[in-house]
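**Q** My file is structure-v2.cif. It has mmCIF, C-alpha atoms:
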data_structure
#
loop_
_atom_site.label_atom_id
_atom_site.label_comp_id
_atom_site.auth_asym_id
_atom_site.auth_seq_id
_atom_site.Cartn_x
_atom_site.Cartn_y
_atom_site.Cartn_z
CA MET A 1 9.25 196.28 59.34
CA GLN A 2 11.46 199.32 58.85
CA GLN A 3 14.70 198.62 56.96
CA PRO A 4 17.95 199.73 58.61
CA THR A 5 19.49 202.87 57.15
CA LYS A 6 22.85 202.83 55.43
CA GLN A 7 24.35 204.76 58.35
CA ALA A 8 22.99 202.22 60.83
CA GLU A 9 24.49 199.38 58.80
CA LEU A 10 27.89 201.11 58.72
CA HIS A 11 27.72 201.73 62.46
CA TRP A 12 26.93 198.06 63.10
CA LEU A 13 29.78 196.89 60.84
CA ALA A 14 32.30 199.27 62.44
CA ARG A 15 31.39 197.94 65.89
CA ARG A 16 31.67 194.37 64.61
CA ILE A 17 35.16 195.14 63.27
CA TYR A 18 36.59 196.64 66.44
CA ARG A 19 35.04 193.88 68.52
CA GLY A 20 36.45 191.26 66.15
CA ILE A 21 39.95 192.67 66.54
CA LEU A 22 39.40 193.13 70.33
CA ALA A 23 40.47 196.77 70.17
CA ASP A 24 40.98 198.18 73.66
CA ASP A 25 41.47 201.47 75.42
CA GLY A 26 44.94 202.90 74.86
CA GLU A 27 45.82 200.70 71.90
CA LEU A 28 47.14 201.83 68.52
CA ILE A 29 45.07 200.26 65.71
CA LEU A 30 46.52 200.30 62.20
CA ILE A 31 43.91 200.43 59.44
CA VAL A 32 45.17 199.51 55.98
CA ASP A 33 42.51 200.77 53.58
CA GLN A 34 42.67 199.03 50.20
CA ALA A 35 38.97 199.54 49.43
CA GLY A 36 38.52 203.31 49.49
CA ASP A 37 35.09 203.21 51.16
CA ASP A 38 35.31 206.58 52.91
CA ALA A 39 32.00 206.22 54.75
CA LEU A 40 33.03 202.90 56.33
CA LEU A 41 36.48 204.25 57.17
CA ARG A 42 35.05 207.32 58.94
CA GLU A 43 32.63 205.17 60.92
CA LEU A 44 35.40 202.78 61.97
CA ILE A 45 37.68 205.63 63.05
CA ALA A 46 34.86 207.14 65.13
CA SER A 47 34.07 203.77 66.74
CA LEU A 48 37.71 203.22 67.69
CA HIS A 49 37.85 206.68 69.26
CA VAL A 50 34.79 205.81 71.35
CA VAL A 51 36.53 202.78 72.92
CA GLY A 52 39.68 204.79 73.58
CA ALA A 53 41.82 203.29 70.82
CA THR A 54 43.94 205.43 68.49
CA PRO A 55 43.53 204.64 64.76
CA ILE A 56 46.21 205.31 62.19
CA VAL A 57 45.33 204.90 58.50
CA ASP A 58 47.52 203.69 55.65
CA TYR A 59 45.72 204.54 52.39
CA ASN A 60 46.29 201.85 49.78
CA ASP A 61 43.14 201.91 47.68
CA PHE A 62 43.36 201.21 43.96
CA TYR A 63 43.44 204.81 42.78
CA SER A 64 45.90 205.98 45.42
CA VAL A 65 48.35 203.22 44.56
CA ALA A 66 47.90 203.72 40.80
CA HIS A 67 48.67 207.42 41.27
CA VAL A 68 51.79 206.68 43.30
CA LEU A 69 53.08 204.09 40.83
CA ALA A 70 52.59 206.49 37.93
CA LEU A 71 54.14 209.60 39.47
CA ALA A 72 56.44 208.72 42.38
CA SER A 73 60.19 208.67 41.91
CA PRO A 74 62.11 205.40 42.29
CA ALA A 75 63.89 206.81 45.35
CA SER A 76 60.62 207.67 47.13
CA LEU A 77 59.20 204.20 46.46
CA GLU A 78 62.33 202.56 47.84
CA ARG A 79 61.74 204.59 51.03
CA PHE A 80 57.98 203.92 50.97
CA ASP A 81 58.09 201.83 54.15
CA HIS A 82 60.63 203.95 56.05
CA HIS A 83 58.16 205.57 58.48
CA ARG A 84 55.54 202.88 58.00
CA GLN A 85 57.86 200.35 59.60
CA VAL A 86 57.49 202.35 62.82
CA TRP A 87 53.69 202.12 62.53
CA TRP A 88 53.89 198.37 62.00
CA GLN A 89 56.27 197.97 64.94
CA GLN A 90 54.20 200.07 67.33
CA CYS A 91 50.60 199.14 66.52
CA HIS A 92 48.77 196.59 68.66
CA ARG A 93 46.35 195.30 66.02
CA LEU A 94 45.68 195.62 62.29
CA VAL A 95 42.48 195.95 60.27
CA LEU A 96 42.65 195.37 56.51
CA LEU A 97 39.74 196.79 54.52
CA THR A 98 40.00 195.30 51.04
CA ASP A 99 38.18 194.78 47.78
CA SER A 100 40.95 192.47 46.50
CA THR A 101 41.54 194.38 43.26
CA GLU A 102 45.26 195.05 43.62
CA HIS A 103 45.94 192.55 40.83
CA LEU A 104 44.20 194.90 38.38
CA LEU A 105 47.04 197.41 38.72
CA GLU A 106 49.91 197.50 36.22
CA THR A 107 52.31 195.04 37.86
CA SER A 108 55.08 194.83 35.28
CA SER A 109 56.76 198.17 35.98
CA GLU A 110 59.89 198.70 38.04
CA ASN A 111 57.94 201.05 40.30
CA TRP A 112 55.53 198.23 41.08
CA GLN A 113 58.47 196.01 42.05
CA ARG A 114 59.81 198.71 44.39
CA TRP A 115 56.39 199.29 45.95
CA ASN A 116 55.74 195.58 46.32
CA ALA A 117 59.15 195.05 47.96
CA ALA A 118 58.29 197.72 50.52
CA ARG A 119 54.95 196.07 51.25
CA ALA A 120 56.72 192.73 51.66
CA ARG A 121 59.01 194.25 54.29
CA LEU A 122 55.97 195.48 56.20
CA HIS A 123 54.31 192.08 55.91
CA ALA A 124 57.44 190.48 57.35
CA ILE A 125 56.99 192.65 60.45
CA GLU A 126 53.37 191.49 60.76
CA GLN A 127 54.50 187.88 60.71
CA ALA A 128 57.43 188.38 63.08
CA ARG A 129 55.19 190.13 65.62
CA ASN A 130 52.28 187.71 65.12
CA LEU A 131 50.15 190.83 64.72
CA PRO A 132 46.41 190.18 65.26
CA THR A 133 44.68 191.02 61.97
CA LEU A 134 41.08 191.23 60.83
CA VAL A 135 40.57 191.11 57.04
CA VAL A 136 37.30 192.71 55.96
CA ALA A 137 35.84 192.17 52.48
CA VAL A 138 34.44 195.52 51.31
CA PRO A 139 32.20 195.51 48.20
CA THR A 140 33.05 198.24 45.69
CA GLU A 141 31.98 199.18 42.17
CA ARG A 142 35.39 198.06 40.92
CA LYS A 143 35.09 194.60 42.50
CA ALA A 144 31.51 194.13 41.33
CA ALA A 145 32.55 195.01 37.77
CA GLU A 146 35.37 192.49 37.90
CA LEU A 147 32.98 189.78 39.10
CA GLY A 148 30.36 190.71 36.52
CA ILE A 149 27.55 191.34 39.02
CA ALA A 150 25.74 194.43 40.24
CA LEU A 151 27.20 196.20 43.26
CA ALA A 152 23.83 196.00 45.03
CA GLN A 153 23.83 192.22 44.61
CA LEU A 154 27.40 191.84 45.84
CA ARG A 155 26.70 194.08 48.81
CA GLU A 156 23.57 192.11 49.71
CA ILE A 157 25.46 188.79 49.68
CA ILE A 158 28.29 190.12 51.84
CA GLU A 159 26.06 191.98 54.30
CA ARG A 160 23.94 188.88 54.81
CA ALA A 161 27.05 186.79 55.40
CA GLN A 162 28.47 189.35 57.84
CA SER A 163 25.22 189.32 59.82
CA ALA A 164 25.62 185.66 60.83
CA THR A 165 25.72 185.59 64.64
CA LEU A 166 28.66 184.24 66.59
CA PRO A 167 26.59 181.35 68.06
CA ASP A 168 25.41 180.36 64.56
CA LEU A 169 28.97 180.41 63.20
CA GLN A 170 30.36 178.48 66.14
CA ARG A 171 27.61 175.86 65.95
CA GLU A 172 28.41 175.11 62.29
CA ILE A 173 32.16 175.11 62.95
CA GLU A 174 31.68 172.71 65.85
CA LYS A 175 29.76 170.29 63.61
CA LEU A 176 32.69 170.17 61.19
CA LEU A 177 35.21 169.88 64.01
CA PHE A 178 33.35 166.92 65.53
CA ALA A 179 33.66 165.07 62.21
CA CYS A 180 37.24 166.09 61.41
CA GLU A 181 39.12 166.68 64.66
CA SER A 182 41.01 163.39 64.90
CA ALA A 183 41.48 162.82 61.16
CA ASP A 184 45.02 162.58 59.84
CA LYS A 185 44.33 161.44 56.27
CA LEU A 186 41.82 163.37 54.19
CA ILE A 187 40.64 162.96 50.61
CA ILE A 188 39.32 165.73 48.35
CA ARG A 189 37.23 164.34 45.50
CA THR A 190 36.49 166.53 42.47
CA GLY A 191 34.84 165.70 39.18
CA ASP A 192 34.00 162.08 38.43
CA HIS A 193 37.26 160.40 39.37
CA HIS A 194 39.83 162.89 40.67
CA GLU A 195 41.14 162.35 44.21
CA LEU A 196 43.67 164.35 46.18
CA HIS A 197 45.15 162.75 49.32
CA LEU A 198 46.21 165.04 52.17
CA ARG A 199 47.92 164.55 55.55
CA ARG A 200 47.54 166.71 58.67
CA ARG A 201 50.06 165.07 61.00
CA ASN A 202 48.20 166.23 64.13
CA ARG A 203 48.12 169.89 63.08
CA LEU A 204 45.68 172.01 65.06
CA TRP A 205 42.27 173.00 63.75
CA VAL A 206 41.63 176.76 63.88
CA TRP A 207 38.26 178.51 64.06
CA ASP A 208 37.69 181.53 61.84
CA ASP A 209 34.66 183.06 63.54
CA GLY A 210 35.59 186.66 62.80
CA TYR A 211 37.30 187.24 66.15
CA VAL A 212 41.05 187.14 66.85
CA ASP A 213 41.01 186.03 70.48
CA PRO A 214 43.83 184.89 72.80
CA GLU A 215 43.08 181.21 72.11
CA ASP A 216 43.60 181.79 68.38
CA LEU A 217 46.93 183.47 69.06
CA THR A 218 48.13 180.60 71.26
CA ARG A 219 47.45 178.29 68.32
CA GLY A 220 49.51 180.57 66.07
CA ALA A 221 46.51 181.83 64.09
CA ARG A 222 46.62 185.61 63.98
CA VAL A 223 44.07 186.32 61.21
CA ALA A 224 40.27 186.36 61.12
CA HIS A 225 37.88 187.46 58.40
CA LEU A 226 34.60 189.21 57.74
CA PRO A 227 32.56 187.56 56.40
CA ALA A 228 33.58 184.80 58.80
CA GLY A 229 32.78 181.15 59.31
CA ALA A 230 35.38 178.47 58.59
CA LEU A 231 37.35 175.61 60.10
CA VAL A 232 41.00 175.68 59.04
CA THR A 233 43.99 173.37 59.35
CA THR A 234 47.49 173.52 57.98
CA LEU A 235 48.77 170.49 56.07
CA GLU A 236 51.98 168.55 55.77
CA GLU A 237 53.40 170.54 52.88
CA ASP A 238 55.12 167.73 50.96
CA ALA A 239 52.52 164.99 51.50
CA ALA A 240 49.67 165.92 49.13
CA GLN A 241 49.35 163.50 46.19
CA GLY A 242 46.76 163.01 43.47
CA THR A 243 44.71 165.02 41.00
CA LEU A 244 42.43 168.00 41.44
CA HIS A 245 39.86 169.21 38.94
CA LEU A 246 39.20 172.97 38.94
CA ALA A 247 35.79 173.22 37.32
CA SER A 248 35.81 177.03 37.24
CA LEU A 249 38.99 177.02 35.13
CA GLY A 250 38.27 173.83 33.21
CA VAL A 251 41.67 172.38 34.13
CA THR A 252 43.07 169.47 36.11
CA LEU A 253 46.11 169.71 38.34
CA ARG A 254 48.39 166.81 39.18
CA ILE A 255 49.80 167.28 42.67
CA ALA A 256 52.97 165.48 43.69
CA GLN A 257 54.77 165.95 47.01
CA GLY A 258 52.53 168.88 47.80
CA GLN A 259 53.21 170.90 44.65
CA VAL A 260 51.58 171.37 41.26
CA ALA A 261 53.55 169.00 39.04
CA HIS A 262 51.44 169.21 35.87
CA VAL A 263 48.58 171.29 34.49
CA ASP A 264 46.15 169.52 32.15
CA ALA A 265 44.60 172.37 30.20
CA PRO A 266 44.35 173.72 26.67
CA ALA A 267 47.80 174.76 25.49
CA GLU A 268 46.92 178.46 25.40
CA ALA A 269 45.85 178.40 29.06
CA ARG A 270 48.40 176.00 30.52
CA GLY A 271 51.12 178.55 31.21
CA THR A 272 48.71 181.09 32.70
CA VAL A 273 47.26 178.56 35.13
CA ALA A 274 50.68 177.21 36.08
CA ASP A 275 51.88 180.75 36.83
CA LEU A 276 49.18 181.10 39.51
CA PHE A 277 51.10 178.63 41.66
CA VAL A 278 54.50 180.30 41.36
CA ALA A 279 55.74 183.41 43.19
CA GLU A 280 59.21 184.93 42.90
CA GLY A 281 60.47 181.75 41.28
CA GLN A 282 59.10 179.52 44.05
CA THR A 283 56.42 176.89 43.45
CA LEU A 284 53.74 177.34 46.08
CA PRO A 285 53.08 174.21 48.16
CA LEU A 286 49.60 173.06 49.08
CA SER A 287 49.73 174.11 52.72
CA TYR A 288 46.28 174.51 54.30
CA LEU A 289 42.63 173.48 54.07
CA VAL A 290 39.58 175.69 54.71
CA LEU A 291 36.09 174.30 55.30
CA GLY A 292 33.33 176.91 54.91
CA ALA A 293 30.79 177.11 57.72
CA ASN A 294 28.77 180.32 57.32
CA PRO A 295 25.08 179.32 57.24
CA ALA A 296 24.10 182.77 55.93
CA LEU A 297 26.42 182.48 52.92
CA ARG A 298 25.08 179.96 50.42
CA LYS A 299 25.76 181.73 47.12
CA ARG A 300 29.26 182.11 45.70
CA THR A 301 30.45 185.36 44.23
CA GLY A 302 33.71 184.38 42.49
CA TRP A 303 35.62 186.32 45.17
CA SER A 304 37.78 183.80 47.03
CA LEU A 305 38.07 185.96 50.17
CA VAL A 306 34.30 185.63 50.55
CA ASP A 307 33.64 182.24 48.96
CA GLN A 308 35.98 180.28 51.24
CA HIS A 309 33.46 180.93 54.05
CA CYS A 310 30.50 179.74 51.98
CA TRP A 311 28.66 176.96 53.80
CA HIS A 312 30.25 173.54 53.07
CA THR A 313 32.72 174.90 50.55
CA VAL A 314 36.13 173.23 50.42
CA THR A 315 39.03 175.62 49.80
CA LEU A 316 42.66 174.67 49.31
CA GLY A 317 45.39 177.12 50.25
CA PHE A 318 48.75 177.28 48.50
CA GLY A 319 51.85 179.09 49.72
CA ASN A 320 52.30 180.98 52.98
CA ASN A 321 50.40 179.42 55.87
CA ARG A 322 51.96 181.25 58.82
CA HIS A 323 48.79 183.30 59.35
CA TRP A 324 47.10 179.97 60.22
CA GLY A 325 49.86 178.84 62.56
CA GLY A 326 51.90 177.00 59.92
CA LYS A 327 55.60 177.27 59.18
CA HIS A 328 55.72 177.79 55.42
CA ASP A 329 56.95 181.28 54.56
CA ALA A 330 56.24 181.67 50.84
CA PRO A 331 56.04 185.20 49.38
CA ILE A 332 52.24 184.96 48.98
CA TYR A 333 49.29 182.69 49.62
CA LEU A 334 46.59 181.65 47.16
CA ASP A 335 43.09 180.52 48.15
CA VAL A 336 41.31 178.21 45.70
CA PRO A 337 37.63 177.53 46.56
CA LEU A 338 36.59 174.31 44.83
CA GLU A 339 33.37 173.73 42.93
CA GLY A 340 31.63 170.38 43.30
CA ALA A 341 34.21 169.11 45.80
CA SER A 342 33.67 166.47 48.48
CA LEU A 343 35.73 165.90 51.62
CA LEU A 344 36.10 162.28 52.74
CA ILE A 345 37.52 160.86 55.94
CA ASP A 346 37.81 157.06 56.23
CA ASP A 347 35.82 156.84 52.99
CA GLN A 348 32.91 158.67 54.62
CA PRO A 349 31.76 161.98 53.08
CA ILE A 350 31.99 164.88 55.52
CA ILE A 351 31.20 167.56 52.95
CA SER A 352 29.53 166.70 49.68
CA THR A 353 28.49 169.33 47.14
#
Go ahead and express the file in the form of structure tokens.
**A**
Amino acid sequence: MQQPTKQAELHWLARRIYRGILADDGELILIVDQAGDDALLRELIASLHVVGATPIVDYNDFYSVAHVLALASPASLERFDHHRQVWWQQCHRLVLLTDSTEHLLETSSENWQRWNAARARLHAIEQARNLPTLVVAVPTERKAAELGIALAQLREIIERAQSATLPDLQREIEKLLFACESADKLIIRTGDHHELHLRRRNRLWVWDDGYVDPEDLTRGARVAHLPAGALVTTLEEDAAQGTLHLASLGVTLRIAQGQVAHVDAPAEARGTVADLFVAEGQTLPLSYLVLGANPALRKRTGWSLVDQHCWHTVTLGFGNNRHWGGKHDAPIYLDVPLEGASLLIDDQPIIST
């Protein structure tokens, strides 16, 4: 059987993106490119033109941002969002192409603070407008190097996950929903004896099937992902109690009233881990739960944007949950896919890994 060409794969992915965002004739589609994959970007622009949409591109890939931070004047960075605010106000939908490597930039400089403040102002517009957004994980050499795997291997995992059909994704999501829909109290069990108790308080369950459709928007969920495949609910932010073992970090968190109260880790790592759950002086609450449901994604990569959709993976979200229909408006959100975690409802295992 003949293998699809790279161009054919890009064409398929570009069509999947504009269909996932429901781009329509006459609409303005904002593409925020953090990945720098020029071939994918060109194919997406062409596909949007075909359906009559008008793309506008905001280049934010690693090298572009590094160049700006190194050479731009403080005054220009403070005005960075001046015209972009018009784009964010006028666009109908947003596509984010990302390799999630922004954290590798130098983030201690004053220029970074100015640039980040401008991005935060743009993000506030997204939230205020409830702007439909599709977040696309794009494999790059830089991301593969960070994860310690070959780019070809990372690309193969992501492409296989992206190829999962909508009926397959929805079937797996429905199975989880059937087991979880009426549950108010949930337990996450990690390690041999660590239990974390969560409350939903009748929050809605949201499907992440890679499409931002009108039903999602009525539920307050404005974001979908590629790869897709997850069932998501927000949580009562101050109700989580118990302990959580993070096997990948070798640490245990004690959660009290929905926040990280203590980090049990070697002294040299304790502060670093604790800092993950703090942003701009605010402790991030445990605010949402993601249950992975992509049957074509069975192998984790170490990239949380991808791994949270891994079949029967439990992911806890800290911080901002407004993109899932919640009300917590923290400066950032943090996804933590758990290793070896089980989800229990009424003492019955729903997910067990």
**Q** Here is a test: counting all atoms listed in the file, which residue of A:Leu249, A:Val50, A:Leu96, A:Ile45 is nearest to Pro266 of chain A?
**A** A:Leu249
**Q** Using all atoms listed in the file, which residues sit within 12 Å of Leu169 of chain A once same-chain residues fewer than 4 positions away are excluded, as a PDB file with C-alpha atoms, in the frame of the given file?
**A**
ATOM      1  CA  ALA A 161      27.050 186.790  55.400  1.00  0.00           C
ATOM      2  CA  GLN A 162      28.470 189.350  57.840  1.00  0.00           C
ATOM      3  CA  SER A 163      25.220 189.320  59.820  1.00  0.00           C
ATOM      4  CA  ALA A 164      25.620 185.660  60.830  1.00  0.00           C
ATOM      5  CA  THR A 165      25.720 185.590  64.640  1.00  0.00           C
ATOM      6  CA  ILE A 173      32.160 175.110  62.950  1.00  0.00           C
ATOM      7  CA  GLU A 174      31.680 172.710  65.850  1.00  0.00           C
ATOM      8  CA  LYS A 175      29.760 170.290  63.610  1.00  0.00           C
ATOM      9  CA  LEU A 176      32.690 170.170  61.190  1.00  0.00           C
ATOM     10  CA  TRP A 207      38.260 178.510  64.060  1.00  0.00           C
ATOM     11  CA  ASP A 208      37.690 181.530  61.840  1.00  0.00           C
ATOM     12  CA  ASP A 209      34.660 183.060  63.540  1.00  0.00           C
ATOM     13  CA  GLY A 210      35.590 186.660  62.800  1.00  0.00           C
ATOM     14  CA  TYR A 211      37.300 187.240  66.150  1.00  0.00           C
ATOM     15  CA  LEU A 226      34.600 189.210  57.740  1.00  0.00           C
ATOM     16  CA  PRO A 227      32.560 187.560  56.400  1.00  0.00           C
ATOM     17  CA  ALA A 228      33.580 184.800  58.800  1.00  0.00           C
ATOM     18  CA  GLY A 229      32.780 181.150  59.310  1.00  0.00           C
ATOM     19  CA  ALA A 230      35.380 178.470  58.590  1.00  0.00           C
ATOM     20  CA  LEU A 231      37.350 175.610  60.100  1.00  0.00           C
ATOM     21  CA  GLY A 292      33.330 176.910  54.910  1.00  0.00           C
ATOM     22  CA  ALA A 293      30.790 177.110  57.720  1.00  0.00           C
ATOM     23  CA  ASN A 294      28.770 180.320  57.320  1.00  0.00           C
ATOM     24  CA  PRO A 295      25.080 179.320  57.240  1.00  0.00           C
ATOM     25  CA  ALA A 296      24.100 182.770  55.930  1.00  0.00           C
ATOM     26  CA  LEU A 297      26.420 182.480  52.920  1.00  0.00           C
ATOM     27  CA  HIS A 309      33.460 180.930  54.050  1.00  0.00           C
ATOM     28  CA  CYS A 310      30.500 179.740  51.980  1.00  0.00           C
ATOM     29  CA  TRP A 311      28.660 176.960  53.800  1.00  0.00           C
TER      30      TRP A 311
END
**Q** If I take atom CA of Pro55 of chain A and atom CA of Leu10 of chain A, how far is one from the other in Å, to one decimal?
**A** 17.1 Å
**Q** To one decimal place in Å, what is the distance between atom CA of Asp216 of chain A and atom CA of Gly20 of chain A?
**A** 12.1 Å
**Q** Rounded to one decimal place, report the atom CA of Arg142 of chain A-atom CA of Thr101 of chain A distance in Å.
**A** 7.5 Å
**Q** Would you mind listing, for every residue of segment 36-129 of chain A within 10 Å of segment 325-345 of chain A, the two atoms forming the shortest contact and the distance between them in Å to one decimal, using all atoms listed in the file, sorted by chain and ascending residue number, as a Markdown table?
**A**
| residue | atom | partner | partner_atom | distance |
| --- | --- | --- | --- | --- |
| A:Ala120 | CA | A:Pro331 | CA | 7.9 |
| A:His123 | CA | A:Pro331 | CA | 9.6 |
| A:Ala124 | CA | A:Asp329 | CA | 9.6 |
| A:Gln127 | CA | A:Asp329 | CA | 9.3 |
**Q** Of the candidates A:Ile350, A:Ile149, A:Ala265, A:Leu286, which shows the shortest atom-to-atom distance to Glu236 of chain A, using all atoms listed in the file?
**A**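 The answer is A:Leu286, which sits nearest to Glu236 of chain A.
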**Q** For this file, the PyMOL selection byres ((chain A and resi 63-80) around 9) selects which residues, as a list in words?
**A** Gly36, Tyr59, Asn60, Asp61, Phe62, Asp81, His82, His83, Arg84, Glu102, Leu105, Glu106, Ser109, Glu110, Asn111, Trp112, Arg114, Trp115, Ala117, Ala118 and Arg119 of chain A
**Q** Could you check the closest approach to Gln7 of chain A for each of A:Arg219, A:Arg155, A:Arg254, A:Arg42 and tell me which residue wins, using only C-alpha atoms?
**A**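 Smallest separation from Gln7 of chain A among the options: A:Arg42.
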**Q** Can you list, as an NGL selection string, the residues that the PyMOL selection byres ((chain A and resi 256) around 8) selects here?
**A** :A and (238-242 or 254-255 or 257-261)
**Q** Go through A:Thr243, A:Phe318, A:Gly250, A:Phe178 and flag the residue nearest His262 of chain A, using all atoms listed in the file for the distances.
**A**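 The answer is A:Thr243, which sits nearest to His262 of chain A.
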**Q** Is it possible to add N, CA and C atoms to segment 38-63 of chain A and hand it back as a PDB file, in the coordinates of the input?
**A**
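Here's the written file rebuild16.pdb:
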ATOM      1  N   ASP A  38      35.088 205.511  51.933  1.00  0.00           N
ATOM      2  CA  ASP A  38      35.310 206.580  52.910  1.00  0.00           C
ATOM      3  C   ASP A  38      34.287 206.563  54.033  1.00  0.00           C
ATOM      4  N   ALA A  39      33.038 206.227  53.719  1.00  0.00           N
ATOM      5  CA  ALA A  39      32.000 206.220  54.750  1.00  0.00           C
ATOM      6  C   ALA A  39      32.294 205.162  55.810  1.00  0.00           C
ATOM      7  N   LEU A  40      32.683 203.953  55.381  1.00  0.00           N
ATOM      8  CA  LEU A  40      33.030 202.900  56.330  1.00  0.00           C
ATOM      9  C   LEU A  40      34.262 203.290  57.137  1.00  0.00           C
ATOM     10  N   LEU A  41      35.252 203.869  56.476  1.00  0.00           N
ATOM     11  CA  LEU A  41      36.480 204.250  57.170  1.00  0.00           C
ATOM     12  C   LEU A  41      36.185 205.288  58.252  1.00  0.00           C
ATOM     13  N   ARG A  42      35.391 206.302  57.938  1.00  0.00           N
ATOM     14  CA  ARG A  42      35.050 207.320  58.940  1.00  0.00           C
ATOM     15  C   ARG A  42      34.317 206.719  60.120  1.00  0.00           C
ATOM     16  N   GLU A  43      33.390 205.802  59.840  1.00  0.00           N
ATOM     17  CA  GLU A  43      32.630 205.170  60.920  1.00  0.00           C
ATOM     18  C   GLU A  43      33.533 204.318  61.802  1.00  0.00           C
ATOM     19  N   LEU A  44      34.481 203.611  61.202  1.00  0.00           N
ATOM     20  CA  LEU A  44      35.400 202.780  61.970  1.00  0.00           C
ATOM     21  C   LEU A  44      36.313 203.640  62.837  1.00  0.00           C
ATOM     22  N   ILE A  45      36.823 204.723  62.276  1.00  0.00           N
ATOM     23  CA  ILE A  45      37.680 205.630  63.050  1.00  0.00           C
ATOM     24  C   ILE A  45      36.908 206.174  64.256  1.00  0.00           C
ATOM     25  N   ALA A  46      35.670 206.606  64.041  1.00  0.00           N
ATOM     26  CA  ALA A  46      34.860 207.140  65.130  1.00  0.00           C
ATOM     27  C   ALA A  46      34.619 206.084  66.206  1.00  0.00           C
ATOM     28  N   SER A  47      34.335 204.853  65.782  1.00  0.00           N
ATOM     29  CA  SER A  47      34.070 203.770  66.740  1.00  0.00           C
ATOM     30  C   SER A  47      35.308 203.441  67.565  1.00  0.00           C
ATOM     31  N   LEU A  48      36.476 203.480  66.953  1.00  0.00           N
ATOM     32  CA  LEU A  48      37.710 203.220  67.690  1.00  0.00           C
ATOM     33  C   LEU A  48      37.987 204.335  68.694  1.00  0.00           C
ATOM     34  N   HIS A  49      37.692 205.569  68.314  1.00  0.00           N
ATOM     35  CA  HIS A  49      37.850 206.680  69.260  1.00  0.00           C
ATOM     36  C   HIS A  49      36.959 206.483  70.475  1.00  0.00           C
ATOM     37  N   VAL A  50      35.736 205.993  70.255  1.00  0.00           N
ATOM     38  CA  VAL A  50      34.790 205.810  71.350  1.00  0.00           C
ATOM     39  C   VAL A  50      35.327 204.838  72.400  1.00  0.00           C
ATOM     40  N   VAL A  51      36.015 203.773  71.959  1.00  0.00           N
ATOM     41  CA  VAL A  51      36.530 202.780  72.920  1.00  0.00           C
ATOM     42  C   VAL A  51      37.908 203.159  73.450  1.00  0.00           C
ATOM     43  N   GLY A  52      38.411 204.329  73.045  1.00  0.00           N
ATOM     44  CA  GLY A  52      39.680 204.790  73.580  1.00  0.00           C
ATOM     45  C   GLY A  52      40.902 204.352  72.806  1.00  0.00           C
ATOM     46  N   ALA A  53      40.691 203.704  71.661  1.00  0.00           N
ATOM     47  CA  ALA A  53      41.820 203.290  70.820  1.00  0.00           C
ATOM     48  C   ALA A  53      42.202 204.430  69.881  1.00  0.00           C
ATOM     49  N   THR A  54      43.447 204.404  69.406  1.00  0.00           N
ATOM     50  CA  THR A  54      43.940 205.430  68.490  1.00  0.00           C
ATOM     51  C   THR A  54      44.144 204.799  67.112  1.00  0.00           C
ATOM     52  N   PRO A  55      43.347 205.199  66.116  1.00  0.00           N
ATOM     53  CA  PRO A  55      43.530 204.640  64.760  1.00  0.00           C
ATOM     54  C   PRO A  55      44.580 205.415  63.985  1.00  0.00           C
ATOM     55  N   ILE A  56      45.311 204.704  63.157  1.00  0.00           N
ATOM     56  CA  ILE A  56      46.210 205.310  62.190  1.00  0.00           C
ATOM     57  C   ILE A  56      45.926 204.636  60.852  1.00  0.00           C
ATOM     58  N   VAL A  57      45.811 205.422  59.784  1.00  0.00           N
ATOM     59  CA  VAL A  57      45.330 204.900  58.500  1.00  0.00           C
ATOM     60  C   VAL A  57      46.442 204.929  57.468  1.00  0.00           C
ATOM     61  N   ASP A  58      46.628 203.790  56.795  1.00  0.00           N
ATOM     62  CA  ASP A  58      47.520 203.690  55.650  1.00  0.00           C
ATOM     63  C   ASP A  58      46.651 203.520  54.411  1.00  0.00           C
ATOM     64  N   TYR A  59      46.587 204.565  53.574  1.00  0.00           N
ATOM     65  CA  TYR A  59      45.720 204.540  52.390  1.00  0.00           C
ATOM     66  C   TYR A  59      46.402 203.767  51.271  1.00  0.00           C
ATOM     67  N   ASN A  60      45.754 202.679  50.844  1.00  0.00           N
ATOM     68  CA  ASN A  60      46.290 201.850  49.780  1.00  0.00           C
ATOM     69  C   ASN A  60      45.216 201.440  48.790  1.00  0.00           C
ATOM     70  N   ASP A  61      44.186 202.277  48.620  1.00  0.00           N
ATOM     71  CA  ASP A  61      43.140 201.910  47.680  1.00  0.00           C
ATOM     72  C   ASP A  61      43.673 201.966  46.254  1.00  0.00           C
ATOM     73  N   PHE A  62      42.920 201.406  45.338  1.00  0.00           N
ATOM     74  CA  PHE A  62      43.360 201.210  43.960  1.00  0.00           C
ATOM     75  C   PHE A  62      43.858 202.515  43.334  1.00  0.00           C
ATOM     76  N   TYR A  63      43.080 203.573  43.453  1.00  0.00           N
ATOM     77  CA  TYR A  63      43.440 204.810  42.780  1.00  0.00           C
ATOM     78  C   TYR A  63      44.634 205.493  43.427  1.00  0.00           C
TER      79      TYR A  63
END
